[in-house]
>>> print(open('my_file28.cif').read())   # mmCIF, C-alpha atoms, pLDDT in the B column; chains and numbers go by the auth columns
data_input
loop_
_atom_site.group_PDB
_atom_site.id
_atom_site.type_symbol
_atom_site.label_atom_id
_atom_site.label_comp_id
_atom_site.label_asym_id
_atom_site.label_seq_id
_atom_site.Cartn_x
_atom_site.Cartn_y
_atom_site.Cartn_z
_atom_site.B_iso_or_equiv
_atom_site.auth_seq_id
_atom_site.auth_asym_id
ATOM 1 C CA MET A 1 5.949 29.083 10.897 92.00 26 A
ATOM 2 C CA GLU A 2 9.221 28.258 12.631 96.00 27 A
ATOM 3 C CA VAL A 3 10.317 24.656 12.183 98.00 28 A
ATOM 4 C CA GLU A 4 10.414 24.069 15.957 98.00 29 A
ATOM 5 C CA VAL A 5 6.734 25.074 16.202 98.00 30 A
ATOM 6 C CA TYR A 6 5.796 22.947 13.199 98.00 31 A
ATOM 7 C CA PHE A 7 7.589 19.954 14.704 98.00 32 A
ATOM 8 C CA LEU A 8 5.913 20.450 18.058 98.00 33 A
ATOM 9 C CA LYS A 9 2.387 20.762 16.654 97.00 34 A
ATOM 10 C CA TYR A 10 2.797 17.313 15.103 97.00 35 A
ATOM 11 C CA SER A 11 4.612 15.711 18.018 96.00 36 A
ATOM 12 C CA PHE A 12 2.763 17.262 20.965 96.00 37 A
ATOM 13 C CA PRO A 13 -0.360 15.063 20.663 95.00 38 A
ATOM 14 C CA CYS A 14 1.703 12.006 21.655 91.00 39 A
ATOM 15 C CA ALA A 15 3.370 13.770 24.610 94.00 40 A
ATOM 16 C CA PHE A 16 0.621 12.504 26.916 93.00 41 A
ATOM 17 C CA ILE A 17 2.053 9.045 26.389 91.00 42 A
ATOM 18 C CA ALA A 18 5.553 10.290 27.243 90.00 43 A
ATOM 19 C CA ASN A 19 4.109 11.769 30.438 92.00 44 A
ATOM 20 C CA GLN A 20 2.309 8.534 31.294 91.00 45 A
ATOM 21 C CA ARG A 21 5.570 6.646 30.786 88.00 46 A
ATOM 22 C CA GLY A 22 7.480 9.044 32.977 89.00 47 A
ATOM 23 C CA VAL A 23 9.741 10.247 30.149 89.00 48 A
ATOM 24 C CA ILE A 24 8.601 13.797 30.903 92.00 49 A
ATOM 25 C CA ASN A 25 6.987 15.223 34.025 93.00 50 A
ATOM 26 C CA PHE A 26 3.685 17.099 34.049 94.00 51 A
ATOM 27 C CA GLU A 27 5.411 20.490 34.174 96.00 52 A
ATOM 28 C CA GLU A 28 7.320 19.626 30.991 96.00 53 A
ATOM 29 C CA PHE A 29 4.091 18.372 29.430 95.00 54 A
ATOM 30 C CA LYS A 30 2.373 21.705 30.165 96.00 55 A
ATOM 31 C CA ARG A 31 5.360 23.575 28.723 97.00 56 A
ATOM 32 C CA LEU A 32 5.015 21.605 25.486 97.00 57 A
ATOM 33 C CA GLU A 33 1.259 22.203 25.393 97.00 58 A
ATOM 34 C CA ASP A 34 1.639 25.948 25.899 97.00 59 A
ATOM 35 C CA ALA A 35 4.305 26.176 23.183 98.00 60 A
ATOM 36 C CA ALA A 36 2.289 24.077 20.702 97.00 61 A
ATOM 37 C CA ILE A 37 -0.888 26.131 21.157 97.00 62 A
ATOM 38 C CA ASN A 38 0.757 29.551 21.372 97.00 63 A
ATOM 39 C CA ASN A 39 3.378 29.039 18.651 97.00 64 A
ATOM 40 C CA LYS A 40 6.350 29.387 20.975 98.00 65 A
ATOM 41 C CA VAL A 41 9.795 28.224 19.893 98.00 66 A
ATOM 42 C CA LEU A 42 11.307 25.779 22.387 98.00 67 A
ATOM 43 C CA PRO A 43 15.032 24.940 22.432 98.00 68 A
ATOM 44 C CA ARG A 44 15.928 22.219 19.929 98.00 69 A
ATOM 45 C CA GLU A 45 17.893 20.318 22.571 97.00 70 A
ATOM 46 C CA PHE A 46 14.793 20.081 24.762 96.00 71 A
ATOM 47 C CA LEU A 47 12.609 18.832 21.902 97.00 72 A
ATOM 48 C CA GLU A 48 15.262 16.308 20.841 96.00 73 A
ATOM 49 C CA LYS A 49 15.464 14.994 24.405 93.00 74 A
ATOM 50 C CA VAL A 50 11.695 14.645 24.834 93.00 75 A
ATOM 51 C CA PHE A 51 11.126 13.075 21.418 94.00 76 A
ATOM 52 C CA VAL A 52 14.324 11.064 21.303 91.00 77 A
ATOM 53 C CA MET A 53 12.873 8.131 19.340 89.00 78 A
ATOM 54 C CA ALA A 54 11.374 10.412 16.690 93.00 79 A
ATOM 55 C CA PHE A 55 14.662 12.251 16.288 95.00 80 A
ATOM 56 C CA GLY A 56 16.542 9.008 15.780 94.00 81 A
ATOM 57 C CA ARG A 57 14.284 8.385 12.796 93.00 82 A
ATOM 58 C CA ILE A 58 14.352 12.008 11.609 97.00 83 A
ATOM 59 C CA GLN A 59 18.168 11.926 11.623 97.00 84 A
ATOM 60 C CA LYS A 60 18.095 8.817 9.452 95.00 85 A
ATOM 61 C CA LEU A 61 15.732 10.510 7.012 96.00 86 A
ATOM 62 C CA ALA A 62 17.861 13.670 6.998 97.00 87 A
ATOM 63 C CA ASP A 63 20.943 11.599 6.132 97.00 88 A
ATOM 64 C CA GLU A 64 19.044 9.945 3.287 96.00 89 A
ATOM 65 C CA LEU A 65 17.953 13.299 1.908 96.00 90 A
ATOM 66 C CA GLY A 66 21.346 14.910 2.514 97.00 91 A
ATOM 67 C CA LYS A 67 19.790 17.650 4.626 97.00 92 A
ATOM 68 C CA ASP A 68 19.887 18.830 8.220 97.00 93 A
ATOM 69 C CA LYS A 69 17.465 17.142 10.630 97.00 94 A
ATOM 70 C CA TRP A 70 15.910 20.527 11.444 98.00 95 A
ATOM 71 C CA ASN A 71 15.302 21.321 7.791 98.00 96 A
ATOM 72 C CA PHE A 72 11.586 22.091 7.330 97.00 97 A
ATOM 73 C CA ASP A 73 11.223 19.660 4.412 96.00 98 A
ATOM 74 C CA VAL A 74 12.769 16.848 6.463 97.00 99 A
ATOM 75 C CA ILE A 75 10.393 17.378 9.393 98.00 100 A
ATOM 76 C CA LYS A 76 7.425 17.646 7.049 96.00 101 A
ATOM 77 C CA GLU A 77 8.366 14.520 5.094 96.00 102 A
ATOM 78 C CA TYR A 78 8.814 12.654 8.376 96.00 103 A
ATOM 79 C CA PHE A 79 5.343 13.423 9.700 96.00 104 A
ATOM 80 C CA ILE A 80 3.409 13.353 6.427 93.00 105 A
ATOM 81 C CA THR A 81 4.940 10.148 5.048 90.00 106 A
ATOM 82 C CA ARG A 82 7.501 8.278 7.135 93.00 107 A
ATOM 83 C CA HIS A 83 5.717 8.322 10.452 93.00 108 A
ATOM 84 C CA ASN A 84 2.798 6.206 9.181 93.00 109 A
ATOM 85 C CA ASP A 85 5.155 3.881 7.265 91.00 110 A
ATOM 86 C CA ILE A 86 7.024 3.128 10.484 89.00 111 A
ATOM 87 C CA ILE A 87 3.778 2.353 12.300 91.00 112 A
ATOM 88 C CA ASN A 88 2.427 0.237 9.438 89.00 113 A
ATOM 89 C CA GLN A 89 5.648 -1.751 9.261 87.00 114 A
ATOM 90 C CA GLY A 90 5.454 -2.363 13.006 81.00 115 A
ATOM 91 C CA LEU A 91 8.973 -1.071 13.615 77.00 116 A
ATOM 92 C CA SER A 92 10.505 -0.357 17.046 74.00 117 A
ATOM 93 C CA SER A 93 7.957 0.264 19.810 75.00 118 A
ATOM 94 C CA TYR A 94 5.058 -0.220 17.391 81.00 119 A
ATOM 95 C CA ALA A 95 5.813 -3.936 17.014 83.00 120 A
ATOM 96 C CA LYS A 96 3.514 -4.902 19.870 85.00 121 A
ATOM 97 C CA ALA A 97 1.175 -1.916 19.801 90.00 122 A
ATOM 98 C CA PRO A 98 -2.552 -2.679 19.632 93.00 123 A
ATOM 99 C CA GLU A 99 -4.385 -1.492 16.523 93.00 124 A
ATOM 100 C CA SER A 100 -6.399 1.191 18.352 94.00 125 A
ATOM 101 C CA LEU A 101 -3.167 2.793 19.555 94.00 126 A
ATOM 102 C CA LYS A 102 -1.541 2.602 16.134 94.00 127 A
ATOM 103 C CA ASN A 103 -4.613 4.197 14.579 95.00 128 A
ATOM 104 C CA LEU A 104 -4.511 7.132 16.989 96.00 129 A
ATOM 105 C CA CYS A 105 -0.786 7.461 16.403 94.00 130 A
ATOM 106 C CA ARG A 106 -1.103 7.578 12.612 95.00 131 A
ATOM 107 C CA ILE A 107 -1.388 10.983 11.021 97.00 132 A
ATOM 108 C CA HIS A 108 -4.581 11.034 8.996 97.00 133 A
ATOM 109 C CA LYS A 109 -5.882 13.507 6.484 97.00 134 A
ATOM 110 C CA ALA A 110 -9.400 14.428 7.604 98.00 135 A
ATOM 111 C CA LYS A 111 -12.277 16.672 6.592 98.00 136 A
ATOM 112 C CA VAL A 112 -13.935 19.003 9.085 98.00 137 A
ATOM 113 C CA LEU A 113 -17.656 18.192 9.269 98.00 138 A
ATOM 114 C CA GLU A 114 -18.664 20.233 12.266 98.00 139 A
ATOM 115 C CA ILE A 115 -17.244 22.700 14.783 97.00 140 A
ATOM 116 C CA ARG A 116 -18.657 22.532 18.288 94.00 141 A
ATOM 117 C CA ASP A 117 -17.159 24.743 20.999 91.00 142 A
ATOM 118 C CA ASP A 118 -13.434 23.943 21.074 94.00 143 A
ATOM 119 C CA PHE A 119 -13.841 20.678 19.203 97.00 144 A
ATOM 120 C CA LEU A 120 -13.974 19.521 15.607 98.00 145 A
ATOM 121 C CA ILE A 121 -15.856 16.515 14.348 98.00 146 A
ATOM 122 C CA VAL A 122 -13.865 15.171 11.425 98.00 147 A
ATOM 123 C CA GLU A 123 -14.118 12.336 8.927 98.00 148 A
ATOM 124 C CA TYR A 124 -11.101 10.383 7.736 97.00 149 A
ATOM 125 C CA GLY A 125 -10.145 7.121 6.022 93.00 150 A
ATOM 126 C CA GLY A 126 -13.442 6.731 4.187 90.00 151 A
ATOM 127 C CA ASN A 127 -16.206 7.054 6.751 91.00 152 A
ATOM 128 C CA ARG A 128 -14.455 6.971 10.108 95.00 153 A
ATOM 129 C CA LYS A 129 -15.192 9.834 12.468 96.00 154 A
ATOM 130 C CA ARG A 130 -13.270 11.318 15.362 97.00 155 A
ATOM 131 C CA THR A 131 -13.666 14.307 17.617 97.00 156 A
ATOM 132 C CA VAL A 132 -10.461 16.310 17.913 97.00 157 A
ATOM 133 C CA MET A 133 -9.420 19.509 19.599 97.00 158 A
ATOM 134 C CA LYS A 134 -9.336 22.759 17.685 97.00 159 A
ATOM 135 C CA SER A 135 -6.629 24.438 19.766 97.00 160 A
ATOM 136 C CA LEU A 136 -3.727 23.916 17.318 97.00 161 A
ATOM 137 C CA VAL A 137 -5.741 25.194 14.318 97.00 162 A
ATOM 138 C CA PRO A 138 -7.822 28.098 15.677 95.00 163 A
ATOM 139 C CA GLY A 139 -8.620 29.504 12.216 95.00 164 A
ATOM 140 C CA VAL A 140 -10.171 26.295 10.899 98.00 165 A
ATOM 141 C CA SER A 141 -13.498 26.261 8.985 98.00 166 A
ATOM 142 C CA ILE A 142 -16.064 23.608 8.146 98.00 167 A
ATOM 143 C CA GLY A 143 -15.041 21.764 4.981 98.00 168 A
ATOM 144 C CA ASP A 144 -11.294 22.313 5.504 98.00 169 A
ATOM 145 C CA SER A 145 -8.864 19.444 5.133 98.00 170 A
ATOM 146 C CA VAL A 146 -6.735 18.994 8.233 98.00 171 A
ATOM 147 C CA SER A 147 -4.185 16.488 9.460 97.00 172 A
ATOM 148 C CA ILE A 148 -5.097 14.769 12.725 98.00 173 A
ATOM 149 C CA HIS A 149 -2.892 13.065 15.326 97.00 174 A
ATOM 150 C CA TYR A 150 -4.507 11.484 18.401 97.00 175 A
ATOM 151 C CA GLY A 151 -7.111 13.971 19.658 97.00 176 A
ATOM 152 C CA TYR A 152 -5.827 17.030 17.830 97.00 177 A
ATOM 153 C CA ALA A 153 -6.183 18.644 14.437 98.00 178 A
ATOM 154 C CA VAL A 154 -2.587 19.616 13.684 97.00 179 A
ATOM 155 C CA GLU A 155 -2.452 21.553 10.440 96.00 180 A
ATOM 156 C CA ILE A 156 -4.864 22.952 7.858 97.00 181 A
ATOM 157 C CA LEU A 157 -3.758 21.309 4.624 95.00 182 A
ATOM 158 C CA MET B 1 -0.456 13.829 35.201 81.00 19 B
ATOM 159 C CA CYS B 2 -1.861 12.579 31.911 85.00 20 B
ATOM 160 C CA LEU B 3 -3.551 9.217 31.744 89.00 21 B
ATOM 161 C CA ALA B 4 -2.661 7.718 28.373 92.00 22 B
ATOM 162 C CA ILE B 5 -4.230 4.377 29.193 94.00 23 B
ATOM 163 C CA PRO B 6 -7.705 2.999 28.556 96.00 24 B
ATOM 164 C CA GLY B 7 -10.283 3.750 31.239 97.00 25 B
ATOM 165 C CA LYS B 8 -13.761 2.315 31.548 98.00 26 B
ATOM 166 C CA ILE B 9 -16.854 4.502 31.210 98.00 27 B
ATOM 167 C CA ILE B 10 -18.998 3.944 34.300 98.00 28 B
ATOM 168 C CA GLU B 11 -21.525 6.722 33.803 97.00 29 B
ATOM 169 C CA ILE B 12 -22.642 9.144 31.102 98.00 30 B
ATOM 170 C CA LYS B 13 -24.676 12.189 32.052 96.00 31 B
ATOM 171 C CA ASP B 14 -25.522 14.677 29.321 92.00 32 B
ATOM 172 C CA GLU B 15 -22.246 14.796 27.401 94.00 33 B
ATOM 173 C CA ILE B 16 -19.986 14.035 30.351 97.00 34 B
ATOM 174 C CA ALA B 17 -18.566 10.560 30.886 98.00 35 B
ATOM 175 C CA THR B 18 -17.127 9.390 34.186 98.00 36 B
ATOM 176 C CA VAL B 19 -14.106 7.256 33.341 98.00 37 B
ATOM 177 C CA ASP B 20 -12.704 4.772 35.839 97.00 38 B
ATOM 178 C CA TYR B 21 -8.949 4.063 35.778 95.00 39 B
ATOM 179 C CA GLY B 22 -8.915 1.815 38.830 91.00 40 B
ATOM 180 C CA SER B 23 -6.703 4.150 40.830 88.00 41 B
ATOM 181 C CA GLU B 24 -8.904 7.182 40.125 94.00 42 B
ATOM 182 C CA LYS B 25 -11.907 8.468 38.223 96.00 43 B
ATOM 183 C CA ARG B 26 -11.971 11.362 35.793 96.00 44 B
ATOM 184 C CA GLU B 27 -14.615 13.185 33.827 97.00 45 B
ATOM 185 C CA ALA B 28 -14.364 13.667 30.096 97.00 46 B
ATOM 186 C CA ARG B 29 -16.557 15.094 27.382 97.00 47 B
ATOM 187 C CA ILE B 30 -18.244 13.034 24.682 97.00 48 B
ATOM 188 C CA VAL B 31 -18.894 15.426 21.811 96.00 49 B
ATOM 189 C CA ASP B 32 -19.844 12.872 19.185 94.00 50 B
ATOM 190 C CA GLY B 33 -19.652 9.158 18.507 91.00 51 B
ATOM 191 C CA ASP B 34 -21.039 5.925 19.809 93.00 52 B
ATOM 192 C CA PHE B 35 -19.698 5.651 23.371 97.00 53 B
ATOM 193 C CA ASN B 36 -21.506 3.683 26.038 97.00 54 B
ATOM 194 C CA VAL B 37 -21.164 2.658 29.667 98.00 55 B
ATOM 195 C CA ASP B 38 -18.673 -0.240 30.021 98.00 56 B
ATOM 196 C CA ASP B 39 -16.677 0.865 26.962 98.00 57 B
ATOM 197 C CA TYR B 40 -12.933 1.268 27.396 98.00 58 B
ATOM 198 C CA VAL B 41 -11.822 4.608 26.004 98.00 59 B
ATOM 199 C CA ILE B 42 -8.827 6.880 25.597 97.00 60 B
ATOM 200 C CA VAL B 43 -9.209 10.403 26.948 96.00 61 B
ATOM 201 C CA GLN B 44 -7.001 13.271 25.855 96.00 62 B
ATOM 202 C CA GLY B 45 -7.315 16.796 27.223 90.00 63 B
ATOM 203 C CA LYS B 46 -10.668 15.957 28.888 92.00 64 B
ATOM 204 C CA LEU B 47 -12.069 14.724 25.583 96.00 65 B
ATOM 205 C CA VAL B 48 -13.057 11.114 24.883 97.00 66 B
ATOM 206 C CA ILE B 49 -11.277 10.441 21.598 96.00 67 B
ATOM 207 C CA GLU B 50 -11.350 6.707 20.926 96.00 68 B
ATOM 208 C CA LYS B 51 -12.860 3.412 21.937 97.00 69 B
ATOM 209 C CA VAL B 52 -10.453 0.590 22.773 97.00 70 B
ATOM 210 C CA PRO B 53 -11.705 -2.954 22.194 97.00 71 B
ATOM 211 C CA GLU B 54 -11.449 -4.869 25.470 96.00 72 B
ATOM 212 C CA GLU B 55 -8.929 -7.352 24.054 96.00 73 B
ATOM 213 C CA GLN B 56 -6.562 -4.448 23.269 96.00 74 B
ATOM 214 C CA VAL B 57 -6.564 -2.955 26.764 96.00 75 B
ATOM 215 C CA ARG B 58 -3.708 -5.137 27.990 93.00 76 B
ATOM 216 C CA GLY B 59 -1.600 -4.188 24.952 92.00 77 B
ATOM 217 C CA TRP B 60 -2.023 -0.500 25.765 92.00 78 B
ATOM 218 C CA LEU B 61 -1.047 -1.001 29.380 92.00 79 B
ATOM 219 C CA GLU B 62 2.064 -2.947 28.436 89.00 80 B
ATOM 220 C CA LEU B 63 3.144 -0.435 25.835 87.00 81 B
ATOM 221 C CA VAL B 64 2.820 2.718 27.881 86.00 82 B
ATOM 222 C CA LYS B 65 4.666 1.146 30.812 79.00 83 B
ATOM 223 C CA LYS B 66 7.952 0.883 28.894 58.00 84 B
ATOM 224 C CA ASP B 67 10.493 3.685 28.670 53.00 85 B
ATOM 225 C CA GLY B 68 10.898 5.532 25.409 44.00 86 B
ATOM 226 C CA SER B 69 8.774 7.920 23.401 42.00 87 B
#
>>> encode(input="my_file28.cif", output="structure tokens")
Amino acid sequence: MEVEVYFLKYSFPCAFIANQRGVINFEEFKRLEDAAINNKVLPREFLEKVFVMAFGRIQKLADELGKDKWNFDVIKEYFITRHNDIINQGLSSYAKAPESLKNLCRIHKAKVLEIRDDFLIVEYGGNRKRTVMKSLVPGVSIGDSVSIHYGYAVEIL
Amino acid sequence: MCLAIPGKIIEIKDEIATVDYGSEKREARIVDGDFNVDDYVIVQGKLVIEKVPEEQVRGWLELVKKDGS
């Protein structure tokens, strides 16, 4: 998978907040959604502009690791590890975020319990359940481990 | 446009919740979970994904108002 697509699958679920805030318009939101679902590569400049806060942090991580910010390992490390650390430490915009928002924003490892239409019922963090959309992981099966972000399963782990 | 703010469930019929945002109402699907009328919830892609405790509603509204991503 191209790194731009991998980045977008993880970041797209929070784009609805960017749209609500007016950072992106609805047309841009739909462009992101289409690219995330259909594995389309969007220009890096566009992704960096939309997810400017994330890229500030990814750049910092890339510098630490001595790699380019678009290196696959850097993007992966950011979403799998750093992203939750930043939320848990209450840094930047997360300082005043309510717990329910932070919990949706965290990337959780979850187990697929049930598949119903276009939705997955998953269990994460012990015995918490959430319904998420299947659209980013069309080949998923019951029992698979997936990562979840807001209302989406992002990646089969 | 997306509504990334808590809305209040005012009706549930079969698996479809009517969610009131003050300025407008939208319908969203409840696939699973304990969601009831009067609950504040977050909807994403026409799916009810999470309950928001009432005391956290203001925090959501303040956070999504600011610029940034």
>>> residues_around(input="my_file28.cif", residues="segment 50-64 of chain B", least_positions_apart="3", cutoff="6 Å", atoms="all atoms listed in the file", output="compact mmCIF listing (two decimals) with C-alpha atoms, keeping the file's coordinate frame")
# COMPACT_ATOMS: atom_id res chain seq x y z
CA PRO B 24 -7.70 3.00 28.56
CA GLY B 25 -10.28 3.75 31.24
CA LYS B 26 -13.76 2.32 31.55
CA ILE B 27 -16.85 4.50 31.21
CA ILE B 28 -19.00 3.94 34.30
CA GLU B 29 -21.52 6.72 33.80
CA ALA B 46 -14.36 13.67 30.10
CA ILE B 67 -11.28 10.44 21.60
CA GLU B 68 -11.35 6.71 20.93
CA LYS B 69 -12.86 3.41 21.94
CA VAL B 70 -10.45 0.59 22.77
>>> atom_distance(input="my_file28.cif", atom1="atom CA of Ile62 of chain A", atom2="atom CA of Gln84 of chain A")
25.6 Å
>>> closest_residue(input="my_file28.cif", among="A:Ile83, A:Val147, A:Ile112, A:Val137", to="chain B", atoms="all atoms listed in the file")
A:Val147
>>> closest_atom_pairs(input="my_file28.cif", of="chain B", to="chain A", cutoff="8 Å", atoms="only C-alpha atoms", output="tab-separated table")
residue	atom	partner	partner_atom	distance
B:Met19	CA	A:Phe51	CA	5.4
B:Cys20	CA	A:Phe41	CA	5.6
B:Leu21	CA	A:Gln45	CA	5.9
B:Ala22	CA	A:Ile42	CA	5.3
B:Val49	CA	A:Thr156	CA	6.8
B:Asp50	CA	A:Thr156	CA	6.5
B:Gly51	CA	A:Arg155	CA	7.4
B:Gln62	CA	A:Gly176	CA	6.2
B:Leu65	CA	A:Gly176	CA	7.8
B:Val66	CA	A:Thr156	CA	8.0
B:Ile67	CA	A:Gly176	CA	5.8
B:Glu68	CA	A:Arg155	CA	7.5
B:Lys69	CA	A:Ser125	CA	7.7
B:Val70	CA	A:Ser125	CA	6.0
B:Pro71	CA	A:Ser125	CA	7.8
B:Gln74	CA	A:Pro123	CA	5.7
B:Gly77	CA	A:Pro123	CA	5.6
B:Trp78	CA	A:Pro123	CA	6.5
B:Leu81	CA	A:Ala122	CA	6.5
B:Val82	CA	A:Arg46	CA	5.6
B:Lys83	CA	A:Arg46	CA	5.6
B:Lys84	CA	A:Arg46	CA	6.5
B:Asp85	CA	A:Arg46	CA	6.1
B:Gly86	CA	A:Val48	CA	6.8
B:Ser87	CA	A:Ala43	CA	5.5
>>> atom_distance(input="my_file28.cif", atom1="atom CA of Ser170 of chain A", atom2="atom CA of Tyr35 of chain A")
15.5 Å
>>> atom_distance(input="my_file28.cif", atom1="atom CA of Asp169 of chain A", atom2="atom CA of Ile181 of chain A")
6.9 Å
>>> residues_around(input="my_file28.cif", residues="Ile100 of chain A", least_positions_apart="4", cutoff="12 Å", atoms="only C-alpha atoms", output="list of chain:residue names")
A:Glu27, A:Val28, A:Glu29, A:Val30, A:Tyr31, A:Phe32, A:Leu33, A:Lys34, A:Tyr35, A:Ser36, A:Ala79, A:Phe80, A:Arg82, A:Ile83, A:Gln84, A:Lys85, A:Leu86, A:Ala87, A:Leu90, A:Lys92, A:Asp93, A:Lys94, A:Trp95, A:Asn96, A:Phe104, A:Ile105, A:Thr106, A:Arg107, A:His108
>>> decode(input="my_file28.cif", residues="segment 45-63 of chain B", atoms="N, CA and C atoms", output="compact mmCIF listing (two decimals), in the first residue's frame")
# COMPACT_ATOMS: atom_id res chain seq x y z
N GLU B 45 -30.99 11.64 10.62
CA GLU B 45 -31.23 10.25 10.99
C GLU B 45 -29.93 9.47 10.95
N ALA B 46 -29.80 8.55 11.89
CA ALA B 46 -28.57 7.75 11.93
C ALA B 46 -28.90 6.35 12.43
N ARG B 47 -28.11 5.41 12.03
CA ARG B 47 -28.38 4.01 12.35
C ARG B 47 -27.74 3.61 13.67
N ILE B 48 -28.52 2.88 14.47
CA ILE B 48 -27.97 2.24 15.67
C ILE B 48 -27.87 0.75 15.34
N VAL B 49 -26.66 0.26 15.21
CA VAL B 49 -26.47 -1.15 14.86
C VAL B 49 -26.43 -2.00 16.13
N ASP B 50 -25.76 -1.46 17.15
CA ASP B 50 -25.57 -2.20 18.38
C ASP B 50 -25.33 -1.19 19.50
N GLY B 51 -25.47 -1.63 20.73
CA GLY B 51 -25.15 -0.76 21.85
C GLY B 51 -26.37 -0.21 22.54
N ASP B 52 -26.12 0.34 23.71
CA ASP B 52 -27.19 0.80 24.58
C ASP B 52 -27.42 2.30 24.37
N PHE B 53 -28.20 2.64 23.36
CA PHE B 53 -28.53 4.04 23.07
C PHE B 53 -30.02 4.26 23.28
N ASN B 54 -30.33 5.35 23.95
CA ASN B 54 -31.72 5.63 24.29
C ASN B 54 -32.09 7.07 23.95
N VAL B 55 -33.40 7.31 23.88
CA VAL B 55 -33.89 8.68 23.70
C VAL B 55 -33.34 9.55 24.84
N ASP B 56 -32.97 10.78 24.49
CA ASP B 56 -32.38 11.77 25.40
C ASP B 56 -30.86 11.61 25.56
N ASP B 57 -30.28 10.56 25.00
CA ASP B 57 -28.82 10.44 25.04
C ASP B 57 -28.19 11.42 24.04
N TYR B 58 -27.06 11.99 24.41
CA TYR B 58 -26.26 12.75 23.45
C TYR B 58 -25.29 11.78 22.79
N VAL B 59 -25.21 11.86 21.47
CA VAL B 59 -24.37 10.92 20.74
C VAL B 59 -23.57 11.62 19.64
N ILE B 60 -22.52 10.92 19.21
CA ILE B 60 -21.75 11.35 18.05
C ILE B 60 -22.12 10.43 16.88
N VAL B 61 -22.41 11.05 15.75
CA VAL B 61 -22.77 10.32 14.54
C VAL B 61 -21.64 10.51 13.53
N GLN B 62 -21.25 9.42 12.90
CA GLN B 62 -20.26 9.56 11.82
C GLN B 62 -20.74 8.71 10.64
N GLY B 63 -20.80 9.30 9.47
CA GLY B 63 -21.24 8.58 8.29
C GLY B 63 -22.59 7.90 8.48
